[in-house]
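Data block for final_32.cif (mmCIF, N, CA and C atoms):
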data_start
loop_
_atom_site.label_atom_id
_atom_site.label_comp_id
_atom_site.auth_asym_id
_atom_site.auth_seq_id
_atom_site.Cartn_x
_atom_site.Cartn_y
_atom_site.Cartn_z
N MET A 1 -29.70 7.68 10.25
CA MET A 1 -28.37 7.50 10.82
C MET A 1 -27.31 7.75 9.75
N VAL A 2 -26.25 8.42 10.14
CA VAL A 2 -25.17 8.74 9.22
C VAL A 2 -24.13 7.64 9.28
N ASP A 3 -23.66 7.18 8.12
CA ASP A 3 -22.63 6.15 8.04
C ASP A 3 -21.27 6.81 7.87
N PHE A 4 -20.39 6.62 8.85
CA PHE A 4 -19.05 7.19 8.79
C PHE A 4 -18.00 6.16 8.42
N GLY A 5 -18.41 5.05 7.83
CA GLY A 5 -17.46 4.04 7.39
C GLY A 5 -17.36 2.90 8.37
N ALA A 6 -16.86 1.79 7.89
CA ALA A 6 -16.80 0.56 8.68
C ALA A 6 -15.72 0.61 9.76
N HIS A 7 -14.75 1.49 9.64
CA HIS A 7 -13.62 1.46 10.57
C HIS A 7 -13.46 2.74 11.35
N SER A 8 -14.57 3.31 11.81
CA SER A 8 -14.47 4.49 12.64
C SER A 8 -15.66 4.57 13.57
N SER A 9 -15.47 5.27 14.65
CA SER A 9 -16.54 5.53 15.60
C SER A 9 -16.77 7.03 15.60
N TYR A 10 -18.01 7.44 15.68
CA TYR A 10 -18.32 8.86 15.65
C TYR A 10 -18.69 9.32 17.06
N PHE A 11 -18.13 10.41 17.47
CA PHE A 11 -18.43 10.98 18.77
C PHE A 11 -19.09 12.33 18.55
N PRO A 12 -19.97 12.77 19.44
CA PRO A 12 -20.73 14.00 19.24
C PRO A 12 -19.88 15.24 19.00
N ASP A 13 -18.66 15.29 19.50
CA ASP A 13 -17.84 16.48 19.29
C ASP A 13 -17.13 16.48 17.94
N GLY A 14 -17.47 15.55 17.08
CA GLY A 14 -16.92 15.52 15.73
C GLY A 14 -15.66 14.71 15.56
N ILE A 15 -15.21 14.05 16.61
CA ILE A 15 -14.00 13.23 16.52
C ILE A 15 -14.34 11.88 15.93
N MET A 16 -13.61 11.48 14.91
CA MET A 16 -13.77 10.14 14.34
C MET A 16 -12.60 9.32 14.83
N GLU A 17 -12.84 8.48 15.83
CA GLU A 17 -11.78 7.69 16.44
C GLU A 17 -11.58 6.40 15.65
N VAL A 18 -10.31 6.10 15.37
CA VAL A 18 -9.95 4.91 14.61
C VAL A 18 -8.69 4.29 15.19
N GLY A 19 -8.37 3.12 14.69
CA GLY A 19 -7.11 2.48 14.98
C GLY A 19 -6.35 2.33 13.66
N ALA A 20 -5.04 2.18 13.77
CA ALA A 20 -4.23 1.97 12.57
C ALA A 20 -3.03 1.10 12.92
N HIS A 21 -2.74 0.15 12.05
CA HIS A 21 -1.53 -0.64 12.12
C HIS A 21 -0.65 -0.14 10.99
N ILE A 22 0.52 0.36 11.34
CA ILE A 22 1.40 1.00 10.38
C ILE A 22 2.73 0.25 10.36
N VAL A 23 3.19 -0.12 9.17
CA VAL A 23 4.48 -0.79 9.01
C VAL A 23 5.37 0.11 8.17
N VAL A 24 6.53 0.43 8.71
CA VAL A 24 7.48 1.31 8.04
C VAL A 24 8.67 0.48 7.60
N LYS A 25 8.98 0.54 6.31
CA LYS A 25 10.10 -0.22 5.75
C LYS A 25 11.20 0.74 5.30
N GLY A 26 12.42 0.25 5.36
CA GLY A 26 13.56 1.06 4.93
C GLY A 26 14.67 0.95 5.95
N TYR A 27 15.52 1.97 5.97
CA TYR A 27 16.60 2.04 6.95
C TYR A 27 16.02 2.77 8.16
N VAL A 28 15.32 2.01 9.03
CA VAL A 28 14.55 2.61 10.11
C VAL A 28 14.88 2.05 11.49
N GLN A 29 15.87 1.19 11.59
CA GLN A 29 16.29 0.69 12.90
C GLN A 29 17.70 1.18 13.18
N GLY A 30 17.95 1.51 14.45
CA GLY A 30 19.27 1.99 14.84
C GLY A 30 19.52 3.44 14.49
N VAL A 31 18.45 4.18 14.18
CA VAL A 31 18.58 5.58 13.77
C VAL A 31 17.68 6.51 14.57
N GLY A 32 17.13 6.02 15.69
CA GLY A 32 16.26 6.85 16.52
C GLY A 32 14.83 6.94 16.02
N PHE A 33 14.44 6.01 15.17
CA PHE A 33 13.12 6.08 14.55
C PHE A 33 11.99 5.91 15.57
N ARG A 34 12.14 4.95 16.48
CA ARG A 34 11.07 4.72 17.46
C ARG A 34 10.88 5.95 18.35
N PHE A 35 11.96 6.57 18.78
CA PHE A 35 11.85 7.78 19.60
C PHE A 35 11.20 8.91 18.80
N TYR A 36 11.56 9.01 17.54
CA TYR A 36 10.96 10.01 16.65
C TYR A 36 9.44 9.81 16.57
N VAL A 37 9.01 8.56 16.39
CA VAL A 37 7.58 8.24 16.34
C VAL A 37 6.92 8.55 17.68
N TYR A 38 7.58 8.16 18.76
CA TYR A 38 7.06 8.43 20.11
C TYR A 38 6.81 9.93 20.31
N ARG A 39 7.77 10.74 19.97
CA ARG A 39 7.62 12.20 20.14
C ARG A 39 6.50 12.74 19.28
N ALA A 40 6.42 12.29 18.02
CA ALA A 40 5.36 12.77 17.12
C ALA A 40 3.99 12.35 17.64
N ALA A 41 3.84 11.08 18.00
CA ALA A 41 2.56 10.57 18.48
C ALA A 41 2.14 11.26 19.78
N SER A 42 3.09 11.44 20.68
CA SER A 42 2.78 12.08 21.96
C SER A 42 2.33 13.52 21.76
N SER A 43 2.99 14.24 20.86
CA SER A 43 2.62 15.64 20.62
C SER A 43 1.25 15.74 19.96
N LEU A 44 0.84 14.70 19.24
CA LEU A 44 -0.48 14.67 18.59
C LEU A 44 -1.56 14.06 19.48
N HIS A 45 -1.18 13.59 20.65
CA HIS A 45 -2.10 12.93 21.58
C HIS A 45 -2.70 11.66 20.97
N VAL A 46 -1.86 10.94 20.22
CA VAL A 46 -2.23 9.64 19.67
C VAL A 46 -1.74 8.58 20.65
N LEU A 47 -2.55 7.57 20.90
CA LEU A 47 -2.20 6.49 21.82
C LEU A 47 -1.71 5.28 21.04
N GLY A 48 -0.90 4.42 21.67
CA GLY A 48 -0.47 3.19 21.02
C GLY A 48 0.94 2.79 21.36
N THR A 49 1.58 2.09 20.41
CA THR A 49 2.93 1.58 20.61
C THR A 49 3.73 1.67 19.32
N VAL A 50 5.05 1.63 19.49
CA VAL A 50 5.96 1.51 18.35
C VAL A 50 7.04 0.51 18.75
N GLU A 51 7.40 -0.37 17.81
CA GLU A 51 8.42 -1.38 18.11
C GLU A 51 9.17 -1.76 16.85
N ASN A 52 10.40 -2.25 17.05
CA ASN A 52 11.19 -2.81 15.96
C ASN A 52 10.71 -4.23 15.69
N SER A 53 10.69 -4.60 14.42
CA SER A 53 10.39 -5.98 14.04
C SER A 53 11.70 -6.71 13.73
N PRO A 54 11.73 -8.02 13.92
CA PRO A 54 12.94 -8.77 13.62
C PRO A 54 13.42 -8.63 12.16
N ASN A 55 12.50 -8.35 11.24
CA ASN A 55 12.86 -8.25 9.82
C ASN A 55 13.39 -6.89 9.43
N GLY A 56 13.53 -5.96 10.40
CA GLY A 56 14.09 -4.64 10.10
C GLY A 56 13.05 -3.54 9.94
N ASP A 57 11.77 -3.89 9.93
CA ASP A 57 10.69 -2.90 9.85
C ASP A 57 10.45 -2.28 11.21
N VAL A 58 9.70 -1.21 11.24
CA VAL A 58 9.17 -0.64 12.47
C VAL A 58 7.66 -0.75 12.38
N ARG A 59 7.05 -1.26 13.46
CA ARG A 59 5.60 -1.44 13.52
C ARG A 59 5.00 -0.48 14.53
N ILE A 60 3.91 0.15 14.11
CA ILE A 60 3.21 1.12 14.95
C ILE A 60 1.76 0.71 15.05
N VAL A 61 1.24 0.71 16.26
CA VAL A 61 -0.19 0.56 16.49
C VAL A 61 -0.63 1.89 17.08
N ALA A 62 -1.59 2.53 16.43
CA ALA A 62 -2.02 3.86 16.86
C ALA A 62 -3.54 3.91 16.98
N GLU A 63 -4.01 4.66 17.96
CA GLU A 63 -5.44 4.89 18.13
C GLU A 63 -5.67 6.35 18.47
N GLY A 64 -6.76 6.89 17.93
CA GLY A 64 -7.10 8.27 18.21
C GLY A 64 -7.91 8.86 17.09
N ASP A 65 -7.96 10.16 17.05
CA ASP A 65 -8.67 10.88 16.01
C ASP A 65 -8.01 10.58 14.65
N ARG A 66 -8.81 10.25 13.67
CA ARG A 66 -8.27 9.87 12.36
C ARG A 66 -7.37 10.96 11.77
N SER A 67 -7.79 12.21 11.88
CA SER A 67 -6.97 13.28 11.30
C SER A 67 -5.60 13.39 11.98
N LEU A 68 -5.55 13.10 13.28
CA LEU A 68 -4.27 13.14 13.99
C LEU A 68 -3.38 11.96 13.61
N ILE A 69 -3.99 10.80 13.41
CA ILE A 69 -3.21 9.64 12.95
C ILE A 69 -2.69 9.89 11.54
N GLU A 70 -3.48 10.55 10.71
CA GLU A 70 -3.00 10.90 9.37
C GLU A 70 -1.81 11.85 9.44
N GLU A 71 -1.80 12.76 10.42
CA GLU A 71 -0.64 13.63 10.64
C GLU A 71 0.57 12.81 11.08
N LEU A 72 0.34 11.83 11.94
CA LEU A 72 1.42 10.95 12.37
C LEU A 72 2.00 10.21 11.17
N ILE A 73 1.15 9.71 10.30
CA ILE A 73 1.61 8.99 9.11
C ILE A 73 2.46 9.90 8.23
N LYS A 74 2.07 11.16 8.07
CA LYS A 74 2.88 12.11 7.30
C LYS A 74 4.27 12.24 7.91
N ALA A 75 4.33 12.34 9.24
CA ALA A 75 5.62 12.48 9.92
C ALA A 75 6.46 11.22 9.75
N VAL A 76 5.81 10.06 9.84
CA VAL A 76 6.51 8.78 9.72
C VAL A 76 7.11 8.62 8.32
N LYS A 77 6.43 9.12 7.31
CA LYS A 77 6.94 9.02 5.94
C LYS A 77 8.23 9.81 5.76
N ILE A 78 8.42 10.81 6.59
CA ILE A 78 9.66 11.61 6.54
C ILE A 78 10.73 10.97 7.43
N GLY A 79 10.37 10.71 8.70
CA GLY A 79 11.30 10.09 9.63
C GLY A 79 12.39 11.04 10.08
N PRO A 80 13.23 10.58 11.00
CA PRO A 80 14.36 11.40 11.45
C PRO A 80 15.40 11.51 10.34
N ARG A 81 16.27 12.46 10.49
CA ARG A 81 17.26 12.77 9.46
C ARG A 81 18.09 11.57 9.02
N SER A 82 18.47 10.71 9.96
CA SER A 82 19.35 9.59 9.64
C SER A 82 18.63 8.37 9.07
N ALA A 83 17.30 8.41 9.03
CA ALA A 83 16.52 7.28 8.49
C ALA A 83 16.29 7.44 6.99
N LYS A 84 15.96 6.33 6.36
CA LYS A 84 15.53 6.36 4.95
C LYS A 84 14.29 5.49 4.85
N VAL A 85 13.14 6.14 4.73
CA VAL A 85 11.87 5.43 4.65
C VAL A 85 11.60 5.07 3.19
N ASN A 86 11.42 3.76 2.93
CA ASN A 86 11.13 3.30 1.58
C ASN A 86 9.65 3.07 1.35
N ASP A 87 8.92 2.68 2.40
CA ASP A 87 7.49 2.38 2.24
C ASP A 87 6.80 2.47 3.59
N VAL A 88 5.55 2.93 3.57
CA VAL A 88 4.71 2.97 4.76
C VAL A 88 3.37 2.33 4.38
N ALA A 89 3.04 1.23 5.05
CA ALA A 89 1.77 0.54 4.80
C ALA A 89 0.86 0.79 5.99
N VAL A 90 -0.40 1.14 5.71
CA VAL A 90 -1.36 1.45 6.77
C VAL A 90 -2.58 0.56 6.60
N ARG A 91 -2.99 -0.06 7.71
CA ARG A 91 -4.25 -0.82 7.74
C ARG A 91 -5.10 -0.20 8.83
N TRP A 92 -6.23 0.38 8.43
CA TRP A 92 -7.14 1.02 9.38
C TRP A 92 -7.97 -0.05 10.08
N THR A 93 -8.21 0.15 11.38
CA THR A 93 -8.93 -0.82 12.20
C THR A 93 -9.90 -0.09 13.13
N GLU A 94 -10.71 -0.88 13.79
CA GLU A 94 -11.54 -0.35 14.88
C GLU A 94 -10.63 -0.10 16.08
N PRO A 95 -10.83 0.98 16.82
CA PRO A 95 -10.01 1.20 18.01
C PRO A 95 -10.36 0.16 19.08
N GLN A 96 -9.34 -0.31 19.80
CA GLN A 96 -9.53 -1.31 20.84
C GLN A 96 -9.63 -0.67 22.23
N HIS A 97 -9.29 0.60 22.35
CA HIS A 97 -9.35 1.34 23.61
C HIS A 97 -8.54 0.67 24.72
N LYS A 98 -7.37 0.13 24.36
CA LYS A 98 -6.55 -0.55 25.37
C LYS A 98 -5.29 0.23 25.74
N PHE A 99 -5.11 1.40 25.17
CA PHE A 99 -3.91 2.19 25.43
C PHE A 99 -4.23 3.40 26.30
N GLN A 100 -3.34 3.70 27.24
CA GLN A 100 -3.46 4.88 28.09
C GLN A 100 -2.52 6.00 27.63
N GLU A 101 -1.50 5.60 26.84
CA GLU A 101 -0.47 6.53 26.38
C GLU A 101 0.18 5.93 25.14
N PHE A 102 1.20 6.61 24.63
CA PHE A 102 1.99 6.07 23.53
C PHE A 102 3.31 5.60 24.10
N THR A 103 3.69 4.35 23.82
CA THR A 103 4.91 3.79 24.41
C THR A 103 5.81 3.15 23.35
N ILE A 104 7.09 3.10 23.68
CA ILE A 104 8.08 2.39 22.86
C ILE A 104 8.24 1.01 23.45
N LEU A 105 8.10 -0.01 22.62
CA LEU A 105 8.30 -1.40 23.08
C LEU A 105 9.70 -1.87 22.73
#

Structure rendered as structure tokens:
Amino acid sequence: MVDFGAHSSYFPDGIMEVGAHIVVKGYVQGVGFRFYVYRAASSLHVLGTVENSPNGDVRIVAEGDRSLIEELIKAVKIGPRSAKVNDVAVRWTEPQHKFQEFTIL
């Protein structure tokens, strides 16, 4: 048996499905950041949610192919033009398979 790591599931077509909890810090609220994440995640076919936190961060829960979530993380590090991203923290998890789409909370 091949070990693909503790936080991924392997599917026969080569997709390594994972979950990720992503916290974005900086000037990321009131600048269209959640919509930016929604558009990026939707175009990548990543499932999950994005929401503002009371402390000014943006929190993302994402599930899907690991390589696509990594693309989402690259996009999040840039953000929309009016945002200023200072830090992006990622915690990889097992996918929960509870999302049907990507939504803004």

Surrounding residues of segment 50-64 of chain A excluding itself and chain neighbours under 6 positions, 8 Å, all atoms listed in the file, as a ChimeraX atom specification: /A:15-29,33-35,37-38,70,94-97,99,102-105

So the first atom is atom CA of Leu44 of chain A and the second is atom CA of Leu68 of chain A; what is the distance between them in Å, to one decimal place?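 Calculated distance between atom CA of Leu44 of chain A and atom CA of Leu68 of chain A is 6.2 Å.
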
As an exercise, work out the distance from atom C of Arg39 of chain A to atom CA of Lys98 of chain A in Å and give it to one decimal place.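 Between these atoms lies a distance of 19.6 Å.
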
Top pick for closest residue to Arg81 of chain A, considering A:Gln100, A:Thr49, A:Val31, A:Ala41 and counting only N, CA and C atoms: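 Under the stated criterion, the closest residue is A:Val31.
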